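K.L.:
Below is one structure. I have some questions about it.
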Amino acid sequence: MFDLVAINARQPTVRRRLTIHSVHIIQSGKLCESVTLSSCRTHPCPGLPSRLRMDQRGAESDRNTGSTSLVTLYGEFTVTGNRKVRCAVSLTEKDLIVQKLTSAPAGRNKLVLSLKDCVGCRAYRENDSADPAAYFAAYFYPARRRWMMSGVSRQKVEQSFRLAALQDPRANHEEAEKWARAVRERSARQQYPRDGMLMSDLSRPCRMMLLVNPQSGKGQALTLYNKHIQQMLSEAGVLHTLVITERQNHARELVREADLSQWDAIAILSGDGLLYEVINGLLERPDWEDAIQTPLGVLPGGSGNALAASIHHYSGASPVSGEELLVSCGFLLCKGLVSPVDLVSIHLSSSPRLFSFLSLAWGFIADVDIESEKYRHIGAVRFTIGTLLRLASLRVYRGRLAYLPATEDYSNKRGVKNNMTLQCPNQASSLGPASLLCCPSRVSPCQNTYHNYCHSNNSIKLRRMESTSSHSATKGLPGPPDSLLLPLDQPLPSDWVVVQEEDFVLVLAMYQSHLAEDLLAAPAATLDEGIMHLFYIRAGISRIAMLRLLLAMEKGAHLTTNCQHLVHTKVRALRLEPYSPKGIMTVDGEVVEYGPVQAEVHRGLARLISG
Ligand SMILES: Nc1ncnc2c1ncn2[C@@H]1O[C@H](COP(=O)(O)OP(=O)(O)OP(=O)(O)O)[C@@H](O)[C@H]1O
């Protein structure tokens, strides 16, 4: 006995004969047989009704696995904007399946949209009291191959249907609401994060403060908002308040004073500089411990957009830039998946402590970033011009660099945090021993096994370890205490490694993967691994070798070039003391006080809306 026979059919008006495209036989809620009658043009079936509704027990075959997933809703509607096109719409736990009911063979007009790609679904009525119809529209951003180009990017697909089965407009609207709710719920379930955090629950719309810096990048952030983001957020049902920043530190002051109970998330549409202000503003609050738990969102509108590129990279998608990156990050923002993200506390000699989410740079990278500011109006190309100019006059920067290595033991500890208790059970650490990519003859296996990492006996000195916890450099400061740092004017803790060389071309600490949209500086970095990737390039590198490294960095291949001047190691804290009285030092691409600096990672201190 069969539970149901669902027939995908159409009755042409002219020939008065029923055209059957496919027959689905369902037993115990599972599809046991599906017959596509593509070879037959028409089949006279006078005894059969023109359509049979598939009910809750229907099933659809999964396009990827071939397995069957239950159809939880089925209906036949016309397409909004063209009442002649009729569709059979099935909702399974994973997909929305739209089959146009035409005389073409079944399958040819079938569209399967993954609910993972759905940002929202809404029901509505039009302003026509004579029309009892209601509508529901679902918005998807599937990754599609770019036309005439390699790679994929997310592109919008909207599916909108007209429901007019009944004369009662309210009943039609209720049906449309039922569909919209079901799509939203299943889409959220598809999305459920491994550690169960979403930007907001489904019981009410998410409320977001969206800060836009109209001057960032080429000065087009507001245009980008109007072109893409306003619509995406409304499709996702995110209620947002647009705040246009008016000057430097405006965002910092706003979040420092804001009533955060009003907001489920704070997002920025700008470069990395605005997020830097937001994070520091949150950590300057007396209630910083709660404030820094506010989910933060990033939409690229600047020239570097390093964090946006990192988030896109972590989502596993192929590299994109410009507006494609914006749409990708907009999609991730609408999906609202929240993950812990590391922050690094930065101590300078006389400025207050800062918090950083991206990088600390001195030497070549910092110089290029700041010297190319004057070309901001040309967007990301400014970095290329700045790089070529700085390469032409390649400099050596003198100073002392020391760090606390991240031991394999530390790195493998899941959820280890300096201060916070937020657990992240999904953190699968892939860290191996710290690696030094320098001349092989200068690297020898670790002799002093305290830290269990490899090092060059020639280039570093190890000191004996002592407890440092009683010497915190952060007593009385807002924000979390630093347990690994001593005050800058005191000698280093004894378990730190001091780099023997004092002549560098660059020193760069990275805690996310990208340094700019097209610079994958730390390919192995993840959001909250609790370490910094420390890179330095020793003096003596040729201009050509330097250029080769920077070009390789576009694809994250610089670590495999075997450049003998490049060193990479994973650290938990570092100290850098430049010898020259003048220079540029940057934190997250922003200039900071030049001079001695030290830094410590705080694992998973903030929360970021990411993929
Ligand atoms: N209305 C404004 N006018 C001038 N500066 C502003 C304004 N709003 C914010 N700022 C400041 O502009 C600086 C740079 O902003 P942002 O990082 O957003 O852009 P960007 O530098 O172009 O991008 P990127 O950091 O990716 O290169 C920030 O320090 C911010 O404080």
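Labeling convention for the structure tokens: chains A, B, ... as they appear, residues from 1 per chain, ligands from 1 in order of appearance.
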So that each row is one residue of chain A with an atom at most 10 Å from ligand 1, can you give its shortest atom pair and the distance in Å to one decimal, using only C-alpha atoms and all ligand atoms, rows by chain and rising number, as a tab-separated table?
P.N.:
```
residue	atom	partner	partner_atom_place_in_ligand_line	distance
A:Leu211	CA	ligand 1	8 (N)	9.0
A:Val212	CA	ligand 1	8 (N)	7.5
A:Asn213	CA	ligand 1	8 (N)	4.4
A:Pro214	CA	ligand 1	1 (N)	5.7
A:Gln215	CA	ligand 1	3 (N)	5.3
A:Ser216	CA	ligand 1	19 (O)	3.6
A:Gly217	CA	ligand 1	22 (O)	3.4
A:Lys218	CA	ligand 1	22 (O)	7.0
A:Gly219	CA	ligand 1	22 (O)	7.8
A:Gln220	CA	ligand 1	22 (O)	9.9
A:Ala221	CA	ligand 1	18 (O)	9.0
A:Ile244	CA	ligand 1	1 (N)	7.1
A:Thr245	CA	ligand 1	8 (N)	4.4
A:Glu246	CA	ligand 1	1 (N)	3.5
A:Arg247	CA	ligand 1	2 (C)	3.8
A:Gln248	CA	ligand 1	31 (O)	3.4
A:Asn249	CA	ligand 1	31 (O)	4.9
A:His250	CA	ligand 1	9 (C)	6.7
A:Ala251	CA	ligand 1	31 (O)	7.1
A:Arg252	CA	ligand 1	31 (O)	8.0
A:Ile268	CA	ligand 1	18 (O)	8.3
A:Leu269	CA	ligand 1	18 (O)	7.5
A:Ser270	CA	ligand 1	18 (O)	4.1
A:Gly271	CA	ligand 1	23 (O)	3.2
A:Asp272	CA	ligand 1	25 (O)	4.0
A:Gly273	CA	ligand 1	17 (O)	3.0
A:Leu274	CA	ligand 1	18 (O)	4.5
A:Leu275	CA	ligand 1	18 (O)	7.5
A:Tyr276	CA	ligand 1	29 (O)	8.0
A:Glu277	CA	ligand 1	31 (O)	6.6
A:Val278	CA	ligand 1	31 (O)	9.5
A:Pro300	CA	ligand 1	26 (O)	7.4
A:Gly301	CA	ligand 1	23 (O)	6.9
A:Gly302	CA	ligand 1	23 (O)	3.5
A:Ser303	CA	ligand 1	27 (O)	4.1
A:Gly304	CA	ligand 1	26 (O)	3.3
A:Asn305	CA	ligand 1	26 (O)	4.0
A:Ala306	CA	ligand 1	26 (O)	6.5
A:Leu307	CA	ligand 1	26 (O)	8.5
A:Ala308	CA	ligand 1	26 (O)	9.1
A:Asp369	CA	ligand 1	27 (O)	8.0
A:Ile370	CA	ligand 1	27 (O)	9.4
A:Ser372	CA	ligand 1	27 (O)	9.8
A:Glu373	CA	ligand 1	21 (O)	7.8
A:Arg376	CA	ligand 1	22 (O)	6.6
A:His377	CA	ligand 1	22 (O)	8.6
A:Gly379	CA	ligand 1	22 (O)	7.7
A:Ala380	CA	ligand 1	27 (O)	7.8
A:Arg382	CA	ligand 1	27 (O)	9.5
A:Phe383	CA	ligand 1	27 (O)	9.3
A:Leu515	CA	ligand 1	26 (O)	9.4
A:Ala516	CA	ligand 1	26 (O)	7.3
A:Glu517	CA	ligand 1	26 (O)	8.7
A:Asp588	CA	ligand 1	25 (O)	7.5
A:Gly589	CA	ligand 1	25 (O)	5.9
A:Glu590	CA	ligand 1	29 (O)	6.8
A:Val591	CA	ligand 1	29 (O)	9.2
```
K.L.:
Restricting the output to C-alpha atoms, write the selected residues as an mmCIF file, in the first residue's frame.
P.N.:
```cif
data_model
loop_
_atom_site.group_PDB
_atom_site.id
_atom_site.type_symbol
_atom_site.label_atom_id
_atom_site.label_comp_id
_atom_site.auth_asym_id
_atom_site.auth_seq_id
_atom_site.Cartn_x
_atom_site.Cartn_y
_atom_site.Cartn_z
ATOM 1 C CA LEU A 211 28.574 52.416 11.738
ATOM 2 C CA VAL A 212 29.617 53.730 8.336
ATOM 3 C CA ASN A 213 32.744 55.804 7.754
ATOM 4 C CA PRO A 214 31.917 57.838 4.624
ATOM 5 C CA GLN A 215 35.602 58.709 4.180
ATOM 6 C CA SER A 216 36.985 55.162 4.268
ATOM 7 C CA GLY A 217 38.659 53.691 1.222
ATOM 8 C CA LYS A 218 37.689 55.541 -1.949
ATOM 9 C CA GLY A 219 34.970 57.355 0.000
ATOM 10 C CA GLN A 220 32.208 55.069 -1.292
ATOM 11 C CA ALA A 221 31.031 53.357 1.867
ATOM 12 C CA ILE A 244 27.525 57.868 9.822
ATOM 13 C CA THR A 245 30.765 58.693 11.590
ATOM 14 C CA GLU A 246 31.772 62.335 11.399
ATOM 15 C CA ARG A 247 35.385 62.321 12.532
ATOM 16 C CA GLN A 248 38.168 60.261 13.991
ATOM 17 C CA ASN A 249 37.241 58.651 17.333
ATOM 18 C CA HIS A 250 33.531 59.314 16.811
ATOM 19 C CA ALA A 251 32.756 55.573 16.782
ATOM 20 C CA ARG A 252 34.949 55.003 19.823
ATOM 21 C CA ILE A 268 30.940 48.561 10.715
ATOM 22 C CA LEU A 269 31.005 49.328 6.998
ATOM 23 C CA SER A 270 34.458 50.816 6.514
ATOM 24 C CA GLY A 271 38.097 49.811 6.750
ATOM 25 C CA ASP A 272 39.741 48.119 9.706
ATOM 26 C CA GLY A 273 40.315 51.463 11.450
ATOM 27 C CA LEU A 274 36.700 51.840 12.502
ATOM 28 C CA LEU A 275 36.530 48.389 14.085
ATOM 29 C CA TYR A 276 39.704 49.218 15.981
ATOM 30 C CA GLU A 277 37.864 52.228 17.439
ATOM 31 C CA VAL A 278 34.798 50.134 18.314
ATOM 32 C CA PRO A 300 34.518 45.984 3.841
ATOM 33 C CA GLY A 301 34.405 49.619 2.761
ATOM 34 C CA GLY A 302 38.025 50.646 3.250
ATOM 35 C CA SER A 303 41.165 50.133 1.251
ATOM 36 C CA GLY A 304 42.740 47.297 3.240
ATOM 37 C CA ASN A 305 39.723 45.376 4.605
ATOM 38 C CA ALA A 306 41.967 42.803 6.227
ATOM 39 C CA LEU A 307 39.500 41.417 8.748
ATOM 40 C CA ALA A 308 36.722 41.176 6.155
ATOM 41 C CA ASP A 369 50.720 51.333 5.013
ATOM 42 C CA ILE A 370 51.186 54.841 6.310
ATOM 43 C CA SER A 372 50.598 55.226 0.969
ATOM 44 C CA GLU A 373 47.795 56.977 2.904
ATOM 45 C CA ARG A 376 43.817 56.533 -0.400
ATOM 46 C CA HIS A 377 41.467 57.774 -3.161
ATOM 47 C CA GLY A 379 41.727 52.243 -3.133
ATOM 48 C CA ALA A 380 43.761 49.067 -2.614
ATOM 49 C CA ARG A 382 47.749 52.366 -2.962
ATOM 50 C CA PHE A 383 49.542 49.450 -1.308
ATOM 51 C CA LEU A 515 46.894 41.792 6.010
ATOM 52 C CA ALA A 516 44.799 43.252 3.174
ATOM 53 C CA GLU A 517 42.190 41.896 0.741
ATOM 54 C CA ASP A 588 45.657 47.251 12.929
ATOM 55 C CA GLY A 589 46.933 49.664 10.286
ATOM 56 C CA GLU A 590 46.640 52.707 12.571
ATOM 57 C CA VAL A 591 49.723 54.682 13.608
#
```
K.L.:
List as JSON lines every residue of segment 367-413 of chain A that is in contact with segment 489-499 of chain A, defined as an atom at most 9 Å from one of its atoms (using only C-alpha atoms), together with the nearest atom pair and the distance in Å rounded to one decimal, sorted by chain and then rising number.
P.N.:
```
{"residue": "A:Arg400", "atom": "CA", "partner": "A:Val499", "partner_atom": "CA", "distance": 7.1}
{"residue": "A:Leu401", "atom": "CA", "partner": "A:Val499", "partner_atom": "CA", "distance": 5.6}
{"residue": "A:Ala402", "atom": "CA", "partner": "A:Val498", "partner_atom": "CA", "distance": 4.2}
{"residue": "A:Tyr403", "atom": "CA", "partner": "A:Val497", "partner_atom": "CA", "distance": 5.3}
{"residue": "A:Leu404", "atom": "CA", "partner": "A:Trp496", "partner_atom": "CA", "distance": 4.7}
{"residue": "A:Pro405", "atom": "CA", "partner": "A:Trp496", "partner_atom": "CA", "distance": 7.3}
```
K.L.:
Output N, CA and C atoms for every residue in that selection, as a PDB file, in the first residue's frame.
P.N.:
```
ATOM      1  N   ARG A 400      65.468  45.566  19.182  1.00  0.00           N
ATOM      2  CA  ARG A 400      65.547  44.271  19.862  1.00  0.00           C
ATOM      3  C   ARG A 400      64.146  43.649  19.899  1.00  0.00           C
ATOM      4  N   LEU A 401      64.084  42.384  19.528  1.00  0.00           N
ATOM      5  CA  LEU A 401      62.810  41.663  19.473  1.00  0.00           C
ATOM      6  C   LEU A 401      62.888  40.456  20.402  1.00  0.00           C
ATOM      7  N   ALA A 402      61.874  40.275  21.216  1.00  0.00           N
ATOM      8  CA  ALA A 402      61.821  39.105  22.110  1.00  0.00           C
ATOM      9  C   ALA A 402      60.382  38.611  22.156  1.00  0.00           C
ATOM     10  N   TYR A 403      60.224  37.342  22.477  1.00  0.00           N
ATOM     11  CA  TYR A 403      58.859  36.805  22.495  1.00  0.00           C
ATOM     12  C   TYR A 403      58.741  35.604  23.429  1.00  0.00           C
ATOM     13  N   LEU A 404      57.512  35.350  23.809  1.00  0.00           N
ATOM     14  CA  LEU A 404      57.197  34.146  24.571  1.00  0.00           C
ATOM     15  C   LEU A 404      56.606  33.143  23.584  1.00  0.00           C
ATOM     16  N   PRO A 405      57.315  32.056  23.305  1.00  0.00           N
ATOM     17  CA  PRO A 405      56.812  31.118  22.287  1.00  0.00           C
ATOM     18  C   PRO A 405      55.506  30.458  22.737  1.00  0.00           C
TER      19      PRO A 405
END
```
K.L.:
Considering only C-alpha atoms, can you say which of A:Ala361, A:Pro319, A:Tyr74, A:Gln167 comes closest to Glu554 of chain A?
P.N.:
A:Pro319
K.L.:
For Lys335 of chain A, please output as a VMD selection string all residues within 8 Å (counting only C-alpha atoms; exclusion window: fewer than 5 positions along the same chain).
P.N.:
chain A and resid 119 188 191 236
K.L.:
Give me the residues near Gly583 of chain A as a VMD selection string, where near means some atom within 10 Å (using only C-alpha atoms) and where sequence neighbours in that chain fewer than 6 positions away do not count.
P.N.:
chain A and resid 362 to 363 366 to 367 397 593 to 595
K.L.:
Pick out the closest residue to Val592 of chain A from this set: A:Gln262, A:Ser90, A:Ser351, A:Thr223. Count only C-alpha atoms.
P.N.:
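Result for the nearest residue to Val592 of chain A: A:Ser351.
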K.L.:
Quick one: DSSP strand (DSSP E) residues in segment 112-275 of chain A, as a ChimeraX atom specification?
P.N.:
/A:112-114,118-124,134-140,143-145,152-154,157-163,207-212,239-244,265-270
K.L.:
How would the residues just picked look written out with N, CA and C atoms as a short mmCIF file (atom, residue, chain, number, x, y, z; two decimals), in the first residue's frame?
P.N.:
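Now in result35.cif:
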```cif
data_model
loop_
_atom_site.label_atom_id
_atom_site.label_comp_id
_atom_site.auth_asym_id
_atom_site.auth_seq_id
_atom_site.Cartn_x
_atom_site.Cartn_y
_atom_site.Cartn_z
N VAL A 112 16.91 23.86 -7.13
CA VAL A 112 17.09 23.42 -5.74
C VAL A 112 17.97 24.44 -5.04
N LEU A 113 17.41 25.09 -4.05
CA LEU A 113 18.16 26.14 -3.34
C LEU A 113 18.44 25.68 -1.92
N SER A 114 19.71 25.68 -1.57
CA SER A 114 20.08 25.22 -0.23
C SER A 114 19.68 26.27 0.81
N CYS A 118 20.29 30.77 2.40
CA CYS A 118 19.13 31.66 2.55
C CYS A 118 19.39 32.66 3.67
N VAL A 119 19.21 33.96 3.38
CA VAL A 119 19.40 34.96 4.45
C VAL A 119 18.07 35.35 5.10
N GLY A 120 16.95 35.12 4.39
CA GLY A 120 15.68 35.50 5.00
C GLY A 120 14.51 35.15 4.11
N CYS A 121 13.32 35.26 4.71
CA CYS A 121 12.09 34.98 3.98
C CYS A 121 10.98 35.78 4.63
N ARG A 122 10.17 36.45 3.85
CA ARG A 122 9.12 37.28 4.45
C ARG A 122 7.81 37.09 3.71
N ALA A 123 6.72 37.29 4.44
CA ALA A 123 5.37 37.22 3.85
C ALA A 123 4.83 38.63 3.79
N TYR A 124 4.04 38.91 2.78
CA TYR A 124 3.48 40.26 2.68
C TYR A 124 2.23 40.26 1.80
N ALA A 134 -1.76 36.76 -1.18
CA ALA A 134 -0.63 37.11 -0.31
C ALA A 134 0.61 36.56 -0.99
N TYR A 135 1.77 36.98 -0.51
CA TYR A 135 3.02 36.61 -1.17
C TYR A 135 4.04 36.17 -0.13
N PHE A 136 4.95 35.32 -0.53
CA PHE A 136 6.15 35.16 0.29
C PHE A 136 7.37 35.14 -0.62
N ALA A 137 8.44 35.77 -0.11
CA ALA A 137 9.67 35.90 -0.89
C ALA A 137 10.83 35.36 -0.06
N ALA A 138 11.66 34.52 -0.68
CA ALA A 138 12.83 33.96 0.01
C ALA A 138 14.08 34.46 -0.71
N TYR A 139 15.11 34.80 0.07
CA TYR A 139 16.32 35.42 -0.49
C TYR A 139 17.53 34.52 -0.25
N PHE A 140 18.17 34.16 -1.32
CA PHE A 140 19.33 33.26 -1.26
C PHE A 140 20.56 33.95 -1.86
N ALA A 143 26.79 30.53 -3.80
CA ALA A 143 28.07 30.79 -4.47
C ALA A 143 27.96 30.24 -5.88
N ARG A 144 28.18 31.09 -6.86
CA ARG A 144 28.05 30.70 -8.26
C ARG A 144 29.34 31.00 -9.00
N ARG A 145 29.60 30.20 -9.99
CA ARG A 145 30.77 30.44 -10.84
C ARG A 145 30.59 31.79 -11.55
N VAL A 152 34.45 31.60 -7.80
CA VAL A 152 33.02 31.74 -7.53
C VAL A 152 32.78 32.93 -6.61
N SER A 153 31.58 33.45 -6.69
CA SER A 153 31.21 34.51 -5.76
C SER A 153 29.72 34.37 -5.45
N ARG A 154 29.29 34.97 -4.37
CA ARG A 154 27.87 34.86 -4.00
C ARG A 154 27.03 35.81 -4.83
N VAL A 157 19.73 35.26 -5.40
CA VAL A 157 18.62 34.59 -6.10
C VAL A 157 17.38 34.82 -5.23
N GLU A 158 16.38 35.47 -5.83
CA GLU A 158 15.15 35.73 -5.07
C GLU A 158 14.04 34.85 -5.62
N GLN A 159 13.32 34.19 -4.76
CA GLN A 159 12.17 33.40 -5.18
C GLN A 159 10.94 33.96 -4.49
N SER A 160 9.97 34.37 -5.30
CA SER A 160 8.81 35.05 -4.73
C SER A 160 7.54 34.45 -5.33
N PHE A 161 6.58 34.13 -4.46
CA PHE A 161 5.39 33.40 -4.92
C PHE A 161 4.11 34.11 -4.50
N ARG A 162 3.07 33.89 -5.32
CA ARG A 162 1.76 34.47 -5.05
C ARG A 162 0.83 33.36 -4.59
N LEU A 163 0.21 33.55 -3.43
CA LEU A 163 -0.72 32.56 -2.89
C LEU A 163 -2.13 33.13 -2.97
N ARG A 207 18.54 43.58 16.28
CA ARG A 207 18.74 45.04 16.23
C ARG A 207 20.23 45.33 16.14
N MET A 208 20.58 46.01 15.12
CA MET A 208 22.01 46.22 14.86
C MET A 208 22.34 47.70 14.71
N MET A 209 23.46 48.10 15.33
CA MET A 209 23.99 49.45 15.07
C MET A 209 25.01 49.31 13.95
N LEU A 210 24.78 50.02 12.85
CA LEU A 210 25.71 49.91 11.71
C LEU A 210 26.45 51.23 11.55
N LEU A 211 27.75 51.21 11.83
CA LEU A 211 28.57 52.42 11.74
C LEU A 211 29.22 52.48 10.36
N VAL A 212 29.03 53.58 9.68
CA VAL A 212 29.62 53.73 8.34
C VAL A 212 30.55 54.93 8.34
N LEU A 239 16.89 44.66 11.85
CA LEU A 239 16.56 46.07 12.04
C LEU A 239 17.86 46.78 12.36
N HIS A 240 18.23 47.73 11.55
CA HIS A 240 19.51 48.39 11.83
C HIS A 240 19.37 49.90 11.87
N THR A 241 20.20 50.49 12.67
CA THR A 241 20.26 51.95 12.73
C THR A 241 21.58 52.36 12.12
N LEU A 242 21.50 53.18 11.10
CA LEU A 242 22.71 53.62 10.40
C LEU A 242 23.31 54.82 11.14
N VAL A 243 24.58 54.71 11.47
CA VAL A 243 25.27 55.84 12.11
C VAL A 243 26.45 56.21 11.22
N ILE A 244 26.43 57.42 10.70
CA ILE A 244 27.53 57.87 9.82
C ILE A 244 28.55 58.60 10.69
N ALA A 265 23.89 43.60 18.08
CA ALA A 265 25.18 43.55 17.38
C ALA A 265 25.60 44.96 16.98
N ILE A 266 26.91 45.14 16.85
CA ILE A 266 27.44 46.40 16.30
C ILE A 266 28.26 46.02 15.08
N ALA A 267 27.93 46.62 13.94
CA ALA A 267 28.68 46.30 12.72
C ALA A 267 29.28 47.58 12.15
N ILE A 268 30.33 47.41 11.38
CA ILE A 268 30.94 48.56 10.71
C ILE A 268 30.97 48.31 9.20
N LEU A 269 30.78 49.37 8.46
CA LEU A 269 31.00 49.33 7.00
C LEU A 269 32.08 50.37 6.73
N SER A 270 33.31 49.91 6.63
CA SER A 270 34.46 50.82 6.51
C SER A 270 35.71 49.96 6.40
#
```
K.L.:
What is the distance, in Å and to one decimal place, between atom CA of Ala171 of chain A and atom CA of Thr80 of chain A?
P.N.:
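Atom CA of Ala171 of chain A sits 18.1 Å away from atom CA of Thr80 of chain A.
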K.L.:
Tell me, as a ChimeraX atom specification, which residues lie within 8 Å of segment 225-230 of chain A, counting only C-alpha atoms; anything in the same chain fewer than 3 positions away does not count.
P.N.:
/A:221-222,233-234,269,327,330
K.L.:
As an mmCIF file with C-alpha atoms, in the first residue's frame, please: every residue in segment 241-295 of chain A that a backbone DSSP assignment puts in alpha helix (DSSP H).
P.N.:
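Final output, selection-v6.cif:
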```
data_model
loop_
_atom_site.group_PDB
_atom_site.id
_atom_site.type_symbol
_atom_site.label_atom_id
_atom_site.label_comp_id
_atom_site.auth_asym_id
_atom_site.auth_seq_id
_atom_site.Cartn_x
_atom_site.Cartn_y
_atom_site.Cartn_z
ATOM 1 C CA HIS A 250 33.531 59.314 16.811
ATOM 2 C CA ALA A 251 32.756 55.573 16.782
ATOM 3 C CA ARG A 252 34.949 55.003 19.823
ATOM 4 C CA GLU A 253 33.088 57.628 21.849
ATOM 5 C CA LEU A 254 29.700 56.366 20.669
ATOM 6 C CA VAL A 255 30.219 52.769 21.760
ATOM 7 C CA ARG A 256 31.864 53.864 25.003
ATOM 8 C CA GLU A 257 28.673 55.706 25.973
ATOM 9 C CA ASP A 272 39.741 48.119 9.706
ATOM 10 C CA GLY A 273 40.315 51.463 11.450
ATOM 11 C CA LEU A 274 36.700 51.840 12.502
ATOM 12 C CA LEU A 275 36.530 48.389 14.085
ATOM 13 C CA TYR A 276 39.704 49.218 15.981
ATOM 14 C CA GLU A 277 37.864 52.228 17.439
ATOM 15 C CA VAL A 278 34.798 50.134 18.314
ATOM 16 C CA ILE A 279 36.814 47.453 20.104
ATOM 17 C CA ASN A 280 38.822 49.983 22.078
ATOM 18 C CA GLY A 281 35.684 51.946 22.930
ATOM 19 C CA LEU A 282 34.015 48.791 24.293
ATOM 20 C CA LEU A 283 37.052 47.899 26.377
ATOM 21 C CA TRP A 288 33.877 46.079 29.532
ATOM 22 C CA GLU A 289 33.448 42.426 30.425
ATOM 23 C CA ASP A 290 29.843 42.400 29.180
ATOM 24 C CA ALA A 291 30.362 45.062 26.532
#
```
K.L.:
Report as a VMD selection string all protein, DNA and RNA residues lying within 10 Å of Thr387 of chain A, evaluated on only C-alpha atoms, omitting residues in the same chain fewer than 2 positions from it.
P.N.:
chain A and resid 364 to 365 367 to 369 371 to 372 381 to 385 389 to 392 394 547 550
K.L.:
Could you tell me how far atom CA of Leu360 of chain A sits from atom CA of Ile346 of chain A, in Å to one decimal place?
P.N.:
8.7 Å
K.L.:
For a test of reading the model, state the distance in Å between atom CA of Val597 of chain A and atom CA of His558 of chain A, rounded to one decimal.
P.N.:
26.2 Å
